[in-house]
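Dropping upload.cif in here (mmCIF, C-alpha atoms):
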```cif
data_protein
loop_
_atom_site.label_atom_id
_atom_site.label_comp_id
_atom_site.auth_asym_id
_atom_site.auth_seq_id
_atom_site.Cartn_x
_atom_site.Cartn_y
_atom_site.Cartn_z
CA SER T 509 2.27 3.97 18.29
CA THR T 510 -0.96 5.61 19.42
CA PRO T 511 -0.83 9.43 19.14
CA GLY T 512 0.06 10.71 22.61
CA ASN T 513 0.94 7.28 24.02
CA ASN T 514 4.12 5.54 22.90
CA ASN T 515 3.26 2.44 24.94
CA ARG T 516 0.13 1.56 22.95
CA TYR T 517 -0.04 0.45 19.34
CA ILE T 518 -3.04 0.42 17.02
CA ILE T 519 -3.46 -2.42 14.53
CA PHE T 520 -5.80 -1.88 11.57
CA THR T 521 -7.27 -4.84 9.70
CA ASN T 522 -9.63 -5.50 6.80
CA THR T 523 -12.69 -7.52 7.75
CA PRO T 524 -14.36 -10.22 5.60
CA GLY T 525 -17.06 -7.61 4.96
CA ASN T 526 -14.41 -5.17 3.62
CA ALA T 527 -14.69 -2.73 6.53
CA ILE T 528 -11.75 -1.52 8.68
CA ASN T 529 -11.46 -2.70 12.28
CA PHE T 530 -8.89 -1.76 14.89
CA SER T 531 -7.19 -3.41 17.85
CA VAL T 532 -4.96 -1.90 20.53
CA VAL T 533 -1.87 -3.52 22.08
CA ASP T 534 -0.60 -2.30 25.47
CA MET T 535 3.18 -2.77 25.59
CA THR T 536 3.44 -1.99 29.31
CA SER T 537 1.98 -5.47 29.91
CA SER T 538 4.28 -8.49 30.05
CA GLY T 539 1.80 -10.58 28.07
CA ASN T 540 3.20 -14.07 27.53
CA ALA T 541 6.78 -12.99 28.25
CA VAL T 542 8.86 -15.13 30.59
CA PHE T 543 11.64 -13.43 32.56
CA PRO T 544 14.10 -12.17 31.38
CA GLN T 545 12.20 -11.52 28.15
CA PRO T 546 11.01 -7.94 27.54
CA ASN T 547 7.29 -7.21 27.59
CA LEU T 548 5.40 -8.77 24.72
CA GLY T 549 2.25 -6.72 25.28
CA THR T 550 -1.43 -7.55 25.65
CA VAL T 551 -4.31 -6.90 23.29
CA VAL T 552 -6.61 -4.63 25.31
CA VAL T 553 -9.03 -3.72 22.50
CA PHE T 554 -9.80 -6.38 19.90
CA ASN T 555 -11.22 -6.08 16.40
CA GLN T 556 -13.56 -3.14 16.94
CA ALA T 557 -15.44 -1.35 14.19
CA ILE T 558 -14.58 2.28 13.42
CA GLY T 559 -17.80 4.24 13.64
CA SER T 560 -16.59 7.17 11.55
CA SER T 561 -15.36 5.01 8.65
CA SER T 562 -17.59 4.13 5.71
CA ALA T 563 -14.83 2.25 3.87
CA THR T 564 -15.68 -0.90 1.92
CA THR T 565 -12.05 -1.48 1.23
CA SER T 566 -10.21 -3.71 -1.19
CA GLY T 567 -7.07 -5.45 0.00
CA ALA T 568 -5.07 -2.24 -0.35
CA MET T 569 -4.49 -0.16 2.79
CA LEU T 570 -1.75 2.33 3.64
CA ALA T 571 -0.80 3.96 6.96
CA LEU T 572 1.30 7.16 6.85
CA ALA T 573 2.58 9.45 9.58
CA LYS T 574 1.36 13.03 9.38
CA GLY T 575 3.79 15.69 8.28
CA ASP T 576 4.13 17.00 11.85
CA LEU T 577 4.18 13.46 13.34
CA SER T 578 1.10 14.25 15.47
CA GLY T 579 -0.88 11.29 14.18
CA TYR T 580 -1.53 9.11 11.16
CA TRP T 581 -3.53 8.80 7.95
CA ILE T 582 -5.12 5.50 6.92
CA ILE T 583 -5.76 5.41 3.17
CA THR T 584 -8.05 2.83 1.54
CA VAL T 585 -9.80 2.25 -1.78
CA ASP T 586 -13.38 0.99 -1.91
CA GLN T 587 -13.90 -2.24 -3.83
CA ALA T 588 -14.29 -1.83 -7.61
CA SER T 589 -14.71 1.95 -7.48
CA ASP T 590 -12.93 5.29 -7.85
CA THR T 591 -13.60 6.10 -4.17
CA TYR T 592 -10.67 6.69 -1.81
CA LYS T 593 -11.10 7.14 1.95
CA VAL T 594 -8.57 8.94 4.17
CA LEU T 595 -9.06 8.34 7.90
CA ASN T 596 -7.53 10.90 10.28
CA ILE T 597 -6.05 9.15 13.35
CA ASN T 598 -5.64 12.23 15.52
CA GLY T 599 -5.61 10.67 18.99
CA SER T 600 -6.27 7.58 21.06
CA ASN T 601 -10.07 8.02 21.09
CA PRO T 602 -11.71 6.52 17.97
CA ALA T 603 -14.67 8.88 18.44
CA SER T 604 -12.38 11.74 17.37
CA TRP T 605 -11.24 10.06 14.14
CA THR T 606 -12.65 11.62 10.98
CA GLU T 607 -12.82 10.52 7.37
CA GLN T 608 -12.45 12.31 4.03
CA THR T 609 -13.71 10.88 0.71
CA PHE T 610 -12.21 11.49 -2.73
CA ASN T 611 -13.43 10.26 -6.11
CA LEU T 612 -10.40 10.12 -8.39
CA GLY T 613 -9.34 8.51 -11.65
CA THR T 614 -11.12 5.45 -12.99
CA THR T 615 -12.75 2.43 -11.36
CA ILE T 616 -10.18 0.07 -9.85
CA THR T 617 -9.94 -2.91 -7.53
CA ALA T 618 -6.69 -2.07 -5.78
CA ALA T 619 -4.11 -4.69 -4.81
CA ASN T 620 -1.76 -2.35 -2.95
CA LEU T 621 -0.71 1.25 -2.41
CA SER T 622 2.95 2.29 -2.62
CA PHE T 623 4.05 5.66 -1.20
CA SER T 624 7.12 7.69 -2.10
CA ASP T 625 8.38 9.78 0.81
CA ALA T 626 10.51 11.78 -1.63
CA SER T 627 7.72 12.82 -4.01
CA ASN T 628 4.58 12.34 -1.84
CA LYS T 629 3.07 10.24 -4.62
CA ILE T 630 1.05 7.05 -4.24
CA ALA T 631 0.99 4.28 -6.86
CA VAL T 632 -2.32 2.38 -6.90
CA SER T 633 -1.80 -1.13 -8.27
CA PRO T 634 -4.78 -3.00 -9.76
CA SER T 635 -5.54 -6.61 -8.98
CA SER T 636 -8.17 -6.46 -11.73
CA GLN T 637 -7.26 -7.25 -15.32
CA ASN T 638 -6.68 -4.66 -18.05
CA THR T 639 -6.56 -1.74 -15.60
CA ASN T 640 -3.69 0.74 -15.60
CA ILE T 641 -1.76 1.74 -12.49
CA GLN T 642 -2.91 5.10 -11.19
CA ILE T 643 -0.69 7.76 -9.61
CA LEU T 644 -1.99 10.09 -6.89
CA ASP T 645 -0.54 13.03 -4.97
CA PHE T 646 -0.93 13.11 -1.18
CA ASP T 647 -0.67 16.07 1.19
CA ARG T 648 0.58 14.68 4.52
CA THR T 649 -0.45 17.88 6.34
CA THR T 650 -4.10 18.04 5.25
CA GLY T 651 -4.77 14.45 4.19
CA VAL T 652 -5.94 15.58 0.75
CA LEU T 653 -5.57 13.16 -2.16
CA SER T 654 -5.48 14.38 -5.77
CA TYR T 655 -5.19 12.62 -9.11
CA ASP T 656 -1.96 12.87 -11.10
CA THR T 657 -1.97 10.38 -13.97
CA GLU T 658 -2.23 6.75 -15.01
CA ILE T 659 0.60 4.65 -16.41
CA LEU T 660 -0.42 3.88 -19.98
CA ASN T 661 -0.13 0.25 -21.08
CA SER T 662 0.59 -0.98 -17.54
CA GLY T 663 -2.63 -3.00 -17.40
CA ASN T 664 -2.58 -6.67 -18.40
CA ALA T 665 -4.77 -9.78 -18.47
CA ASP T 666 -2.40 -12.15 -16.66
CA GLN T 667 -4.70 -13.15 -13.79
CA ALA T 668 -8.19 -12.06 -12.76
CA THR T 669 -7.03 -11.25 -9.22
CA GLU T 670 -3.28 -10.65 -9.57
CA ALA T 671 -2.63 -8.50 -12.64
CA ILE T 672 -0.02 -6.25 -10.97
CA TYR T 673 1.41 -7.98 -7.90
CA ASP T 674 3.39 -5.11 -6.38
CA THR T 675 5.09 -1.76 -6.99
CA GLU T 676 7.93 0.12 -5.32
CA TRP T 677 9.33 3.63 -5.78
CA SER T 678 13.00 4.39 -6.24
CA PRO T 679 14.56 6.17 -3.21
CA ASP T 680 14.37 9.59 -4.95
CA GLY T 681 10.79 9.02 -6.12
CA SER T 682 11.70 9.54 -9.78
CA LYS T 683 10.91 6.00 -10.99
CA LEU T 684 8.39 3.28 -10.17
CA TYR T 685 9.15 -0.44 -10.35
CA ILE T 686 6.28 -2.75 -11.26
CA ALA T 687 5.98 -6.50 -10.70
CA ARG T 688 3.81 -7.91 -13.50
CA TYR T 689 2.43 -11.15 -12.10
CA GLY T 690 2.66 -13.54 -15.06
CA GLY T 691 1.52 -17.10 -14.31
CA ALA T 692 0.87 -20.27 -16.28
CA ALA T 693 -0.38 -18.66 -19.49
CA ASN T 694 1.79 -15.51 -19.37
CA VAL T 695 5.25 -14.33 -18.39
CA GLY T 696 6.18 -12.41 -15.28
CA ASP T 697 8.24 -9.28 -15.61
CA LEU T 698 9.81 -6.41 -13.67
CA LEU T 699 9.12 -3.06 -15.31
CA GLN T 700 10.45 0.43 -14.70
CA TRP T 701 8.28 3.50 -15.24
CA ASP T 702 10.08 6.80 -15.78
CA PRO T 703 7.55 9.69 -15.98
CA SER T 704 10.19 12.02 -17.43
CA LEU T 705 10.19 10.02 -20.68
CA PRO T 706 7.53 10.15 -23.44
CA PRO T 707 4.59 7.79 -22.74
CA GLY T 708 5.57 5.39 -25.52
CA SER T 709 9.01 4.75 -24.01
CA SER T 710 8.43 5.34 -20.30
CA LEU T 711 7.67 1.68 -19.41
CA VAL T 712 10.51 -0.82 -19.96
CA SER T 713 11.58 -4.23 -18.66
CA VAL T 714 14.64 -4.19 -16.39
CA ILE T 715 15.37 -7.92 -16.01
CA PRO T 716 17.52 -9.95 -18.46
CA THR T 717 14.82 -12.56 -19.12
CA GLN T 718 11.16 -12.76 -18.21
CA VAL T 719 10.14 -15.17 -15.45
CA PHE T 720 7.19 -17.42 -14.61
CA GLY T 721 5.95 -15.34 -11.65
CA SER T 722 6.88 -11.83 -10.52
CA TYR T 723 5.91 -11.08 -6.92
CA GLY T 724 6.92 -8.76 -4.09
CA LEU T 725 9.09 -5.65 -4.27
CA GLN T 726 10.71 -4.06 -1.21
CA ILE T 727 13.23 -1.28 -0.80
CA GLY T 728 15.93 -2.06 1.77
CA PRO T 729 17.80 0.15 4.26
CA ASN T 730 20.65 0.32 1.74
CA GLY T 731 18.40 1.89 -0.89
CA ASN T 732 18.37 -1.22 -3.09
CA ILE T 733 15.06 -2.69 -4.28
CA TYR T 734 14.66 -6.44 -3.78
CA HIS T 735 12.47 -8.52 -6.11
CA LEU T 736 10.82 -11.83 -5.18
CA TYR T 737 10.17 -13.98 -8.26
CA GLN T 738 9.68 -17.55 -9.44
CA GLU T 739 12.01 -18.41 -12.29
CA PHE T 740 9.93 -21.17 -13.90
CA ASN T 741 6.76 -23.17 -13.25
CA GLY T 742 7.37 -25.67 -10.46
CA GLY T 743 10.82 -24.26 -9.82
CA PRO T 744 12.51 -21.77 -7.52
#
```
Do you think you could lay out the structure here as structure tokens?
Amino acid sequence: STPGNNNRYIIFTNTPGNAINFSVVDMTSSGNAVFPQPNLGTVVVFNQAIGSSSATTSGAMLALAKGDLSGYWIITVDQASDTYKVLNINGSNPASWTEQTFNLGTTITAANLSFSDASNKIAVSPSSQNTNIQILDFDRTTGVLSYDTEILNSGNADQATEAIYDTEWSPDGSKLYIARYGGAANVGDLLQWDPSLPPGSSLVSVIPTQVFGSYGLQIGPNGNIYHLYQEFNGGP
């Protein structure tokens, strides 16, 4: 919800020009609801540019609550760069939002950002080929990003736009699970990265047999991680 107003929600979107726009939904409005349905809300601000943001973002974007729950951070990665932007959503007025810029790690076109609440680490997954996953530390109080490491040998040449499809942290933040895309000329896989092990043995497959396509990862309320995959070409 909007900081200071639990009846309004802010929706952030990537534009075709790789900027960030925002819309606002007012949930006190009935919208298209028909009695006895609850309010469905009305869009009261639609697709507006954020004046304080200079982001030219890739497809990866992450929204996190601040440590004191007073607002939010919006984290993005500029296209094909090492430039990260952290937007401070500190109230309902976009004129008060401010942005920090951090140049970290190596150039990457990011597919997604996965956050561990247990360790305050962010995994940056590349959509670009032959680029390793990068690990960042995030301070939810100050909004400061810092570089931790990259996962050696996690890059691959499976697809030009889908090298690593998704990542997900274990509930305790000690391990990262990686969906290697695969595709027609390669094999999909589900890998586990354990940073407590030596680099040569820290990245291992955790599925019995490789698959045609390895896609989304999502941790459930029960703490289990669910893996969406395609077993073989043309099949389930």
The PyMOL selection byres ((chain T and resi 601) around 12) resolved against shown file, as an mmCIF file with C-alpha atoms, in the coordinates of the input:
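Here's the written file part_22.cif:
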```cif
data_model
loop_
_atom_site.group_PDB
_atom_site.id
_atom_site.type_symbol
_atom_site.label_atom_id
_atom_site.label_comp_id
_atom_site.auth_asym_id
_atom_site.auth_seq_id
_atom_site.Cartn_x
_atom_site.Cartn_y
_atom_site.Cartn_z
ATOM 1 C CA THR T 510 -0.960 5.610 19.420
ATOM 2 C CA PRO T 511 -0.830 9.430 19.140
ATOM 3 C CA GLY T 512 0.060 10.710 22.610
ATOM 4 C CA ASN T 513 0.940 7.280 24.020
ATOM 5 C CA ILE T 518 -3.040 0.420 17.020
ATOM 6 C CA PHE T 530 -8.890 -1.760 14.890
ATOM 7 C CA VAL T 532 -4.960 -1.900 20.530
ATOM 8 C CA VAL T 553 -9.030 -3.720 22.500
ATOM 9 C CA ILE T 558 -14.580 2.280 13.420
ATOM 10 C CA GLY T 559 -17.800 4.240 13.640
ATOM 11 C CA SER T 560 -16.590 7.170 11.550
ATOM 12 C CA GLY T 579 -0.880 11.290 14.180
ATOM 13 C CA ASN T 596 -7.530 10.900 10.280
ATOM 14 C CA ILE T 597 -6.050 9.150 13.350
ATOM 15 C CA ASN T 598 -5.640 12.230 15.520
ATOM 16 C CA GLY T 599 -5.610 10.670 18.990
ATOM 17 C CA SER T 600 -6.270 7.580 21.060
ATOM 18 C CA PRO T 602 -11.710 6.520 17.970
ATOM 19 C CA ALA T 603 -14.670 8.880 18.440
ATOM 20 C CA SER T 604 -12.380 11.740 17.370
ATOM 21 C CA TRP T 605 -11.240 10.060 14.140
ATOM 22 C CA THR T 606 -12.650 11.620 10.980
#
```
Starting from the displayed file, determine the output of the PyMOL selection byres ((chain T and resi 522) around 12) and express the residue list as a VMD selection string.
-> chain T and resid 519 to 521 523 to 531 555 to 558 563 to 570 582 584 to 587
For Gln718 (chain T), the nearest of the candidates T:Glu670, T:Asp590, T:Asp697, T:Glu607, counting all atoms listed in the file = T:Asp697
If you measure from CA of Asp702 (chain T) to CA of Thr615 (chain T), what distance in Å do you get, rounded to one decimal?
-> 23.7 Å
Fewer than 5 positions away in the same chain doesn't count, so skip those; otherwise give me all residues within 8 Å of Gln738 (chain T), counting only C-alpha atoms, as JSON, numbers by chain.
-> {"T": [719, 720, 721, 722, 723, 743, 744]}
Would you save the residues of that selection, restricted to C-alpha atoms, as a PDB file, in the coordinates of the input?
```pdb
ATOM      1  CA  VAL T 719      10.140 -15.170 -15.450  1.00  0.00           C
ATOM      2  CA  PHE T 720       7.190 -17.420 -14.610  1.00  0.00           C
ATOM      3  CA  GLY T 721       5.950 -15.340 -11.650  1.00  0.00           C
ATOM      4  CA  SER T 722       6.880 -11.830 -10.520  1.00  0.00           C
ATOM      5  CA  TYR T 723       5.910 -11.080  -6.920  1.00  0.00           C
ATOM      6  CA  GLY T 743      10.820 -24.260  -9.820  1.00  0.00           C
ATOM      7  CA  PRO T 744      12.510 -21.770  -7.520  1.00  0.00           C
TER       8      PRO T 744
END
```
What lies within 8 Å of Gly549 (chain T) using only C-alpha atoms, ignoring chain neighbours under 3 positions off, as a VMD selection string?
-> chain T and resid 533 to 540
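Nearest to Gly575 (chain T) of all the residues T:Tyr673, T:Tyr655, T:Tyr734, T:Phe646 is T:Phe646, counting all atoms listed in the file.
Using all atoms listed in the file, the nearest neighbour of Val632 (chain T) within the list T:Thr675, T:Asn514, T:Gln667, T:Leu653 is T:Thr675.
Taking CA of Phe623 (chain T) as the reference point, CA of Phe610 (chain T) is found at 17.3 Å.
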Near Asn638 (chain T), within 12 Å and counting all atoms listed in the file, which residues show up once chain neighbours fewer than 4 positions away are dropped, as a PyMOL selection string?
-> chain T and resi 615-617+633-634+659-672+688
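Going from CA of Arg648 (chain T) to CA of Ala626 (chain T) covers 12.0 Å.
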